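Contents: one structure, followed by commentary.
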Amino acid sequence: MPAGADKNDNDDEAEKAWMRVAEKLKDDNYGADEIDSKYIDKVRASGRYDVKGSHVQRLEEELMEEMAEALGRTVRRTDHAFACLDVALYELETAPTAAEWEERLVVFQAVRSKADNQRSALAVHRRALGFRLRNEQLVASMYPLPSPNPRAPDSFPED
């Protein structure tokens with residue numbers, strides 16, 4: 001890499017070069033008559049992309065769709081982990097005896113740990129997609145965690 005150049009400059013130049021070639025394909029009506037390319041023919045035959053059209057835009061749309069779907073899956077996994085946490089907390093709060101409460105506390109803490117890990121995964125996923133401004137605070141406010149060591153009741157129904 002030349003002195004003073006940085007990776008982002010190279011990435012920008014590569015992106016500009018890609019766009020110039022893609023635009024040339026689109027604007028100049030390149031195709032099977034002008035260029036002997038099995039790839040252009042395959043793309044045209046698929047009907048999925050039009051080399052003469054805005055295939056770059058379509059690729060960008062597909063990437064955005066995939067990223068949104070992946071984020072949606074992460075959100076669903078996080079929702080599921082927090083639903084399990086709600087059940088574990090309810091079970092803990094309704095324990096009939098001190099011994100049962102102790103057993104349920106272990107389960108609650110394990111489920112809470114899983115929910116915490118999933119919440120962290122959601123924050124990382126969002127950050128990777130560009131959600132940087134107050135991302136962690138937003139995720140924490142959307143998915144608040146109860147204390148890992150809740151206080152046992154002073155008395156139990158069956159004690």
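For the structure tokens, the naming scheme is as follows: chains receive sequential letters (A, B, ...) according to their order of presentation, residues are indexed from 1 within each chain, and ligands are indexed from 1 in presentation order.
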Write out as JSON, numbers by chain which residues come within 12 Å of Lys114 in chain A when counting only C-alpha atoms, dropping same-chain ones fewer than 5 positions away. {"A": [77, 78, 79, 80, 81, 82, 83, 84, 85, 88, 107, 108, 109, 119, 120, 121, 145, 148]}
List every residue of range 25-156 of chain A that DSSP, applied to the backbone, labels as alpha helix (DSSP H), and write the result as an mmCIF file with N, CA and C atoms, in the first residue's frame.
data_model
loop_
_atom_site.group_PDB
_atom_site.id
_atom_site.type_symbol
_atom_site.label_atom_id
_atom_site.label_comp_id
_atom_site.auth_asym_id
_atom_site.auth_seq_id
_atom_site.Cartn_x
_atom_site.Cartn_y
_atom_site.Cartn_z
ATOM 1 N N LEU A 25 -22.119 -1.348 -18.264
ATOM 2 C CA LEU A 25 -22.945 -2.473 -18.721
ATOM 3 C C LEU A 25 -24.385 -2.024 -18.936
ATOM 4 N N LYS A 26 -24.863 -1.219 -18.017
ATOM 5 C CA LYS A 26 -26.247 -0.765 -18.091
ATOM 6 C C LYS A 26 -26.432 0.244 -19.221
ATOM 7 N N ASP A 27 -25.580 1.258 -19.259
ATOM 8 C CA ASP A 27 -25.772 2.374 -20.182
ATOM 9 C C ASP A 27 -25.411 2.051 -21.626
ATOM 10 N N LYS A 38 -20.500 -15.664 -21.283
ATOM 11 C CA LYS A 38 -21.526 -16.601 -20.831
ATOM 12 C C LYS A 38 -22.238 -16.077 -19.587
ATOM 13 N N TYR A 39 -21.589 -15.194 -18.838
ATOM 14 C CA TYR A 39 -22.174 -14.674 -17.603
ATOM 15 C C TYR A 39 -23.299 -13.688 -17.886
ATOM 16 N N ILE A 40 -23.078 -12.816 -18.865
ATOM 17 C CA ILE A 40 -24.147 -11.885 -19.232
ATOM 18 C C ILE A 40 -25.344 -12.671 -19.738
ATOM 19 N N ASP A 41 -25.067 -13.699 -20.574
ATOM 20 C CA ASP A 41 -26.160 -14.532 -21.088
ATOM 21 C C ASP A 41 -26.896 -15.231 -19.954
ATOM 22 N N LYS A 42 -26.151 -15.768 -18.990
ATOM 23 C CA LYS A 42 -26.776 -16.467 -17.867
ATOM 24 C C LYS A 42 -27.639 -15.516 -17.034
ATOM 25 N N VAL A 43 -27.125 -14.320 -16.807
ATOM 26 C CA VAL A 43 -27.875 -13.346 -16.017
ATOM 27 C C VAL A 43 -29.149 -12.958 -16.743
ATOM 28 N N ARG A 44 -29.047 -12.721 -18.048
ATOM 29 C CA ARG A 44 -30.236 -12.363 -18.819
ATOM 30 C C ARG A 44 -31.241 -13.511 -18.847
ATOM 31 N N ALA A 45 -30.746 -14.727 -19.036
ATOM 32 C CA ALA A 45 -31.633 -15.890 -19.130
ATOM 33 C C ALA A 45 -32.364 -16.156 -17.817
ATOM 34 N N SER A 46 -31.723 -15.816 -16.713
ATOM 35 C CA SER A 46 -32.369 -16.087 -15.420
ATOM 36 C C SER A 46 -33.581 -15.200 -15.204
ATOM 37 N N HIS A 55 -29.036 -3.686 -12.065
ATOM 38 C CA HIS A 55 -28.724 -4.884 -11.281
ATOM 39 C C HIS A 55 -27.956 -4.549 -10.015
ATOM 40 N N VAL A 56 -27.177 -3.492 -10.040
ATOM 41 C CA VAL A 56 -26.464 -3.094 -8.828
ATOM 42 C C VAL A 56 -27.463 -2.682 -7.762
ATOM 43 N N GLN A 57 -28.455 -1.925 -8.171
ATOM 44 C CA GLN A 57 -29.497 -1.521 -7.227
ATOM 45 C C GLN A 57 -30.242 -2.751 -6.711
ATOM 46 N N ARG A 58 -30.521 -3.708 -7.580
ATOM 47 C CA ARG A 58 -31.221 -4.924 -7.161
ATOM 48 C C ARG A 58 -30.378 -5.718 -6.171
ATOM 49 N N LEU A 59 -29.073 -5.805 -6.422
ATOM 50 C CA LEU A 59 -28.188 -6.493 -5.484
ATOM 51 C C LEU A 59 -28.195 -5.800 -4.126
ATOM 52 N N GLU A 60 -28.149 -4.480 -4.146
ATOM 53 C CA GLU A 60 -28.197 -3.726 -2.897
ATOM 54 C C GLU A 60 -29.515 -3.988 -2.166
ATOM 55 N N GLU A 61 -30.617 -4.038 -2.899
ATOM 56 C CA GLU A 61 -31.911 -4.311 -2.285
ATOM 57 C C GLU A 61 -31.934 -5.708 -1.675
ATOM 58 N N GLU A 62 -31.380 -6.684 -2.392
ATOM 59 C CA GLU A 62 -31.340 -8.049 -1.860
ATOM 60 C C GLU A 62 -30.484 -8.126 -0.608
ATOM 61 N N LEU A 63 -29.352 -7.439 -0.614
ATOM 62 C CA LEU A 63 -28.505 -7.426 0.580
ATOM 63 C C LEU A 63 -29.237 -6.792 1.754
ATOM 64 N N MET A 64 -29.924 -5.701 1.510
ATOM 65 C CA MET A 64 -30.685 -5.052 2.570
ATOM 66 C C MET A 64 -31.783 -5.978 3.094
ATOM 67 N N GLU A 65 -32.449 -6.689 2.185
ATOM 68 C CA GLU A 65 -33.478 -7.645 2.592
ATOM 69 C C GLU A 65 -32.892 -8.737 3.477
ATOM 70 N N GLU A 66 -31.764 -9.297 3.047
ATOM 71 C CA GLU A 66 -31.119 -10.360 3.817
ATOM 72 C C GLU A 66 -30.698 -9.862 5.196
ATOM 73 N N MET A 67 -30.141 -8.644 5.245
ATOM 74 C CA MET A 67 -29.726 -8.094 6.535
ATOM 75 C C MET A 67 -30.929 -7.873 7.441
ATOM 76 N N ALA A 68 -32.023 -7.374 6.868
ATOM 77 C CA ALA A 68 -33.231 -7.143 7.659
ATOM 78 C C ALA A 68 -33.811 -8.465 8.165
ATOM 79 N N GLU A 69 -33.820 -9.482 7.312
ATOM 80 C CA GLU A 69 -34.343 -10.786 7.729
ATOM 81 C C GLU A 69 -33.468 -11.395 8.823
ATOM 82 N N ALA A 70 -32.155 -11.263 8.683
ATOM 83 C CA ALA A 70 -31.250 -11.801 9.708
ATOM 84 C C ALA A 70 -31.449 -11.074 11.031
ATOM 85 N N LEU A 71 -31.599 -9.756 10.972
ATOM 86 C CA LEU A 71 -31.854 -8.996 12.197
ATOM 87 C C LEU A 71 -33.193 -9.411 12.803
ATOM 88 N N GLY A 72 -34.175 -9.645 11.966
ATOM 89 C CA GLY A 72 -35.473 -10.110 12.453
ATOM 90 C C GLY A 72 -35.358 -11.445 13.177
ATOM 91 N N ARG A 73 -34.540 -12.346 12.639
ATOM 92 C CA ARG A 73 -34.333 -13.635 13.316
ATOM 93 C C ARG A 73 -33.661 -13.436 14.669
ATOM 94 N N THR A 74 -32.711 -12.529 14.735
ATOM 95 C CA THR A 74 -32.040 -12.251 16.009
ATOM 96 C C THR A 74 -33.029 -11.657 17.003
ATOM 97 N N VAL A 75 -33.889 -10.776 16.544
ATOM 98 C CA VAL A 75 -34.918 -10.196 17.420
ATOM 99 C C VAL A 75 -35.853 -11.291 17.926
ATOM 100 N N ARG A 76 -36.265 -12.201 17.039
ATOM 101 C CA ARG A 76 -37.165 -13.288 17.471
ATOM 102 C C ARG A 76 -36.490 -14.188 18.505
ATOM 103 N N ARG A 77 -35.196 -14.484 18.309
ATOM 104 C CA ARG A 77 -34.473 -15.291 19.303
ATOM 105 C C ARG A 77 -34.388 -14.549 20.639
ATOM 106 N N THR A 78 -34.186 -13.242 20.583
ATOM 107 C CA THR A 78 -34.121 -12.441 21.805
ATOM 108 C C THR A 78 -35.485 -12.408 22.486
ATOM 109 N N ASP A 79 -36.542 -12.213 21.717
ATOM 110 C CA ASP A 79 -37.900 -12.234 22.285
ATOM 111 C C ASP A 79 -38.169 -13.579 22.966
ATOM 112 N N HIS A 80 -37.771 -14.655 22.330
ATOM 113 C CA HIS A 80 -37.988 -15.991 22.897
ATOM 114 C C HIS A 80 -37.218 -16.149 24.202
ATOM 115 N N ALA A 81 -35.964 -15.704 24.223
ATOM 116 C CA ALA A 81 -35.154 -15.805 25.445
ATOM 117 C C ALA A 81 -35.788 -15.010 26.576
ATOM 118 N N PHE A 82 -36.332 -13.839 26.273
ATOM 119 C CA PHE A 82 -36.952 -13.023 27.318
ATOM 120 C C PHE A 82 -38.323 -13.560 27.727
ATOM 121 N N ALA A 83 -39.015 -14.234 26.820
ATOM 122 C CA ALA A 83 -40.266 -14.897 27.204
ATOM 123 C C ALA A 83 -39.967 -16.032 28.180
ATOM 124 N N CYS A 84 -38.912 -16.786 27.902
ATOM 125 C CA CYS A 84 -38.501 -17.858 28.826
ATOM 126 C C CYS A 84 -38.098 -17.265 30.174
ATOM 127 N N LEU A 85 -37.446 -16.113 30.133
ATOM 128 C CA LEU A 85 -37.043 -15.445 31.373
ATOM 129 C C LEU A 85 -38.272 -15.039 32.191
ATOM 130 N N ASP A 86 -39.303 -14.538 31.525
ATOM 131 C CA ASP A 86 -40.539 -14.177 32.232
ATOM 132 C C ASP A 86 -41.155 -15.397 32.908
ATOM 133 N N VAL A 87 -41.143 -16.527 32.210
ATOM 134 C CA VAL A 87 -41.694 -17.763 32.791
ATOM 135 C C VAL A 87 -40.855 -18.181 33.994
ATOM 136 N N ALA A 88 -39.531 -18.155 33.858
ATOM 137 C CA ALA A 88 -38.655 -18.559 34.965
ATOM 138 C C ALA A 88 -38.831 -17.634 36.170
ATOM 139 N N LEU A 89 -38.996 -16.336 35.930
ATOM 140 C CA LEU A 89 -39.202 -15.390 37.029
ATOM 141 C C LEU A 89 -40.550 -15.654 37.711
ATOM 142 N N TYR A 90 -41.582 -15.908 36.924
ATOM 143 C CA TYR A 90 -42.890 -16.226 37.495
ATOM 144 C C TYR A 90 -42.804 -17.488 38.350
ATOM 145 N N GLU A 91 -42.150 -18.507 37.817
ATOM 146 C CA GLU A 91 -41.989 -19.753 38.573
ATOM 147 C C GLU A 91 -41.245 -19.499 39.885
ATOM 148 N N LEU A 92 -40.239 -18.663 39.846
ATOM 149 C CA LEU A 92 -39.478 -18.336 41.055
ATOM 150 C C LEU A 92 -40.365 -17.610 42.066
ATOM 151 N N GLU A 93 -41.104 -16.635 41.575
ATOM 152 C CA GLU A 93 -41.943 -15.830 42.475
ATOM 153 C C GLU A 93 -43.106 -16.617 43.075
ATOM 154 N N ALA A 98 -39.319 -22.767 50.544
ATOM 155 C CA ALA A 98 -37.967 -22.213 50.445
ATOM 156 C C ALA A 98 -37.067 -23.132 49.617
ATOM 157 N N ALA A 99 -37.204 -24.444 49.797
ATOM 158 C CA ALA A 99 -36.390 -25.397 49.035
ATOM 159 C C ALA A 99 -36.704 -25.299 47.539
ATOM 160 N N GLU A 100 -37.972 -25.196 47.236
ATOM 161 C CA GLU A 100 -38.390 -25.065 45.833
ATOM 162 C C GLU A 100 -37.878 -23.741 45.256
ATOM 163 N N TRP A 101 -37.925 -22.681 46.052
ATOM 164 C CA TRP A 101 -37.429 -21.382 45.608
ATOM 165 C C TRP A 101 -35.944 -21.478 45.259
ATOM 166 N N GLU A 102 -35.159 -22.161 46.081
ATOM 167 C CA GLU A 102 -33.724 -22.329 45.811
ATOM 168 C C GLU A 102 -33.482 -23.056 44.498
ATOM 169 N N GLU A 103 -34.268 -24.112 44.246
ATOM 170 C CA GLU A 103 -34.132 -24.865 42.993
ATOM 171 C C GLU A 103 -34.501 -23.991 41.795
ATOM 172 N N ARG A 104 -35.580 -23.248 41.942
ATOM 173 C CA ARG A 104 -36.043 -22.392 40.850
ATOM 174 C C ARG A 104 -35.103 -21.204 40.625
ATOM 175 N N LEU A 105 -34.407 -20.784 41.669
ATOM 176 C CA LEU A 105 -33.439 -19.702 41.527
ATOM 177 C C LEU A 105 -32.314 -20.113 40.578
ATOM 178 N N VAL A 106 -31.861 -21.349 40.691
ATOM 179 C CA VAL A 106 -30.797 -21.845 39.808
ATOM 180 C C VAL A 106 -31.269 -21.820 38.355
ATOM 181 N N VAL A 107 -32.498 -22.262 38.124
ATOM 182 C CA VAL A 107 -33.070 -22.244 36.774
ATOM 183 C C VAL A 107 -33.197 -20.808 36.276
ATOM 184 N N PHE A 108 -33.735 -19.948 37.128
ATOM 185 C CA PHE A 108 -33.904 -18.536 36.770
ATOM 186 C C PHE A 108 -32.574 -17.919 36.358
ATOM 187 N N GLN A 109 -31.527 -18.146 37.134
ATOM 188 C CA GLN A 109 -30.224 -17.553 36.835
ATOM 189 C C GLN A 109 -29.658 -18.071 35.509
ATOM 190 N N ALA A 110 -29.871 -19.344 35.218
ATOM 191 C CA ALA A 110 -29.403 -19.902 33.942
ATOM 192 C C ALA A 110 -30.162 -19.283 32.766
ATOM 193 N N VAL A 111 -31.468 -19.163 32.922
ATOM 194 C CA VAL A 111 -32.291 -18.575 31.862
ATOM 195 C C VAL A 111 -31.958 -17.091 31.699
ATOM 196 N N ARG A 112 -31.734 -16.402 32.798
ATOM 197 C CA ARG A 112 -31.352 -14.991 32.750
ATOM 198 C C ARG A 112 -30.035 -14.807 32.013
ATOM 199 N N SER A 113 -29.078 -15.702 32.270
ATOM 200 C CA SER A 113 -27.785 -15.643 31.587
ATOM 201 C C SER A 113 -27.960 -15.813 30.078
ATOM 202 N N LYS A 114 -28.800 -16.743 29.680
ATOM 203 C CA LYS A 114 -29.090 -16.962 28.254
ATOM 204 C C LYS A 114 -29.729 -15.719 27.649
ATOM 205 N N ALA A 115 -30.676 -15.121 28.353
ATOM 206 C CA ALA A 115 -31.331 -13.909 27.854
ATOM 207 C C ALA A 115 -30.332 -12.757 27.738
ATOM 208 N N ASP A 116 -29.441 -12.652 28.708
ATOM 209 C CA ASP A 116 -28.406 -11.616 28.666
ATOM 210 C C ASP A 116 -27.495 -11.813 27.457
ATOM 211 N N ASN A 117 -27.097 -13.054 27.204
ATOM 212 C CA ASN A 117 -26.256 -13.350 26.039
ATOM 213 C C ASN A 117 -26.976 -13.019 24.738
ATOM 214 N N GLN A 118 -28.245 -13.346 24.672
ATOM 215 C CA GLN A 118 -29.007 -13.072 23.459
ATOM 216 C C GLN A 118 -29.196 -11.573 23.267
ATOM 217 N N ARG A 119 -29.400 -10.843 24.353
ATOM 218 C CA ARG A 119 -29.517 -9.384 24.273
ATOM 219 C C ARG A 119 -28.211 -8.787 23.752
ATOM 220 N N SER A 120 -27.088 -9.304 24.224
ATOM 221 C CA SER A 120 -25.781 -8.839 23.732
ATOM 222 C C SER A 120 -25.611 -9.150 22.249
ATOM 223 N N ALA A 121 -26.047 -10.335 21.827
ATOM 224 C CA ALA A 121 -25.957 -10.701 20.413
ATOM 225 C C ALA A 121 -26.784 -9.747 19.554
ATOM 226 N N LEU A 122 -27.942 -9.349 20.058
ATOM 227 C CA LEU A 122 -28.779 -8.397 19.328
ATOM 228 C C LEU A 122 -28.064 -7.049 19.198
ATOM 229 N N ALA A 123 -27.461 -6.581 20.268
ATOM 230 C CA ALA A 123 -26.739 -5.304 20.216
ATOM 231 C C ALA A 123 -25.583 -5.372 19.215
ATOM 232 N N VAL A 124 -24.859 -6.476 19.217
ATOM 233 C CA VAL A 124 -23.741 -6.642 18.274
ATOM 234 C C VAL A 124 -24.266 -6.679 16.838
ATOM 235 N N HIS A 125 -25.341 -7.406 16.620
ATOM 236 C CA HIS A 125 -25.920 -7.502 15.278
ATOM 237 C C HIS A 125 -26.368 -6.124 14.786
ATOM 238 N N ARG A 126 -27.035 -5.394 15.654
ATOM 239 C CA ARG A 126 -27.477 -4.045 15.280
ATOM 240 C C ARG A 126 -26.282 -3.141 14.972
ATOM 241 N N ARG A 127 -25.242 -3.223 15.796
ATOM 242 C CA ARG A 127 -24.048 -2.406 15.573
ATOM 243 C C ARG A 127 -23.415 -2.754 14.229
ATOM 244 N N ALA A 128 -23.366 -4.044 13.893
ATOM 245 C CA ALA A 128 -22.786 -4.480 12.622
ATOM 246 C C ALA A 128 -23.571 -3.946 11.425
ATOM 247 N N ASN A 135 -26.909 2.536 20.671
ATOM 248 C CA ASN A 135 -27.390 1.192 20.377
ATOM 249 C C ASN A 135 -27.541 0.338 21.633
ATOM 250 N N GLU A 136 -26.475 0.250 22.427
ATOM 251 C CA GLU A 136 -26.521 -0.604 23.619
ATOM 252 C C GLU A 136 -27.575 -0.132 24.605
ATOM 253 N N GLN A 137 -27.690 1.191 24.785
ATOM 254 C CA GLN A 137 -28.697 1.725 25.707
ATOM 255 C C GLN A 137 -30.107 1.415 25.208
ATOM 256 N N LEU A 138 -30.309 1.528 23.906
ATOM 257 C CA LEU A 138 -31.623 1.249 23.346
ATOM 258 C C LEU A 138 -31.995 -0.218 23.532
ATOM 259 N N VAL A 139 -31.055 -1.115 23.231
ATOM 260 C CA VAL A 139 -31.336 -2.547 23.384
ATOM 261 C C VAL A 139 -31.597 -2.873 24.859
ATOM 262 N N ALA A 140 -30.804 -2.289 25.748
ATOM 263 C CA ALA A 140 -31.002 -2.533 27.191
ATOM 264 C C ALA A 140 -32.361 -2.019 27.652
ATOM 265 N N SER A 141 -32.822 -0.907 27.096
ATOM 266 C CA SER A 141 -34.138 -0.394 27.501
ATOM 267 C C SER A 141 -35.273 -1.229 26.902
ATOM 268 N N MET A 142 -35.046 -1.804 25.724
ATOM 269 C CA MET A 142 -36.060 -2.655 25.099
ATOM 270 C C MET A 142 -36.139 -4.022 25.782
#
Select, from A:Pro150, A:Pro157, A:Gly130, A:Pro144, the residue with the minimum atom-to-atom distance to Thr94 in chain A, counting only C-alpha atoms. A:Pro157
Report, in Å with one decimal, the straight-line distance from CA of Asn149 in chain A to CA of Thr97 in chain A. 17.4 Å
What is the distance between CA of Asn10 in chain A and CA of Leu129 in chain A, in Å to one decimal? 21.3 Å
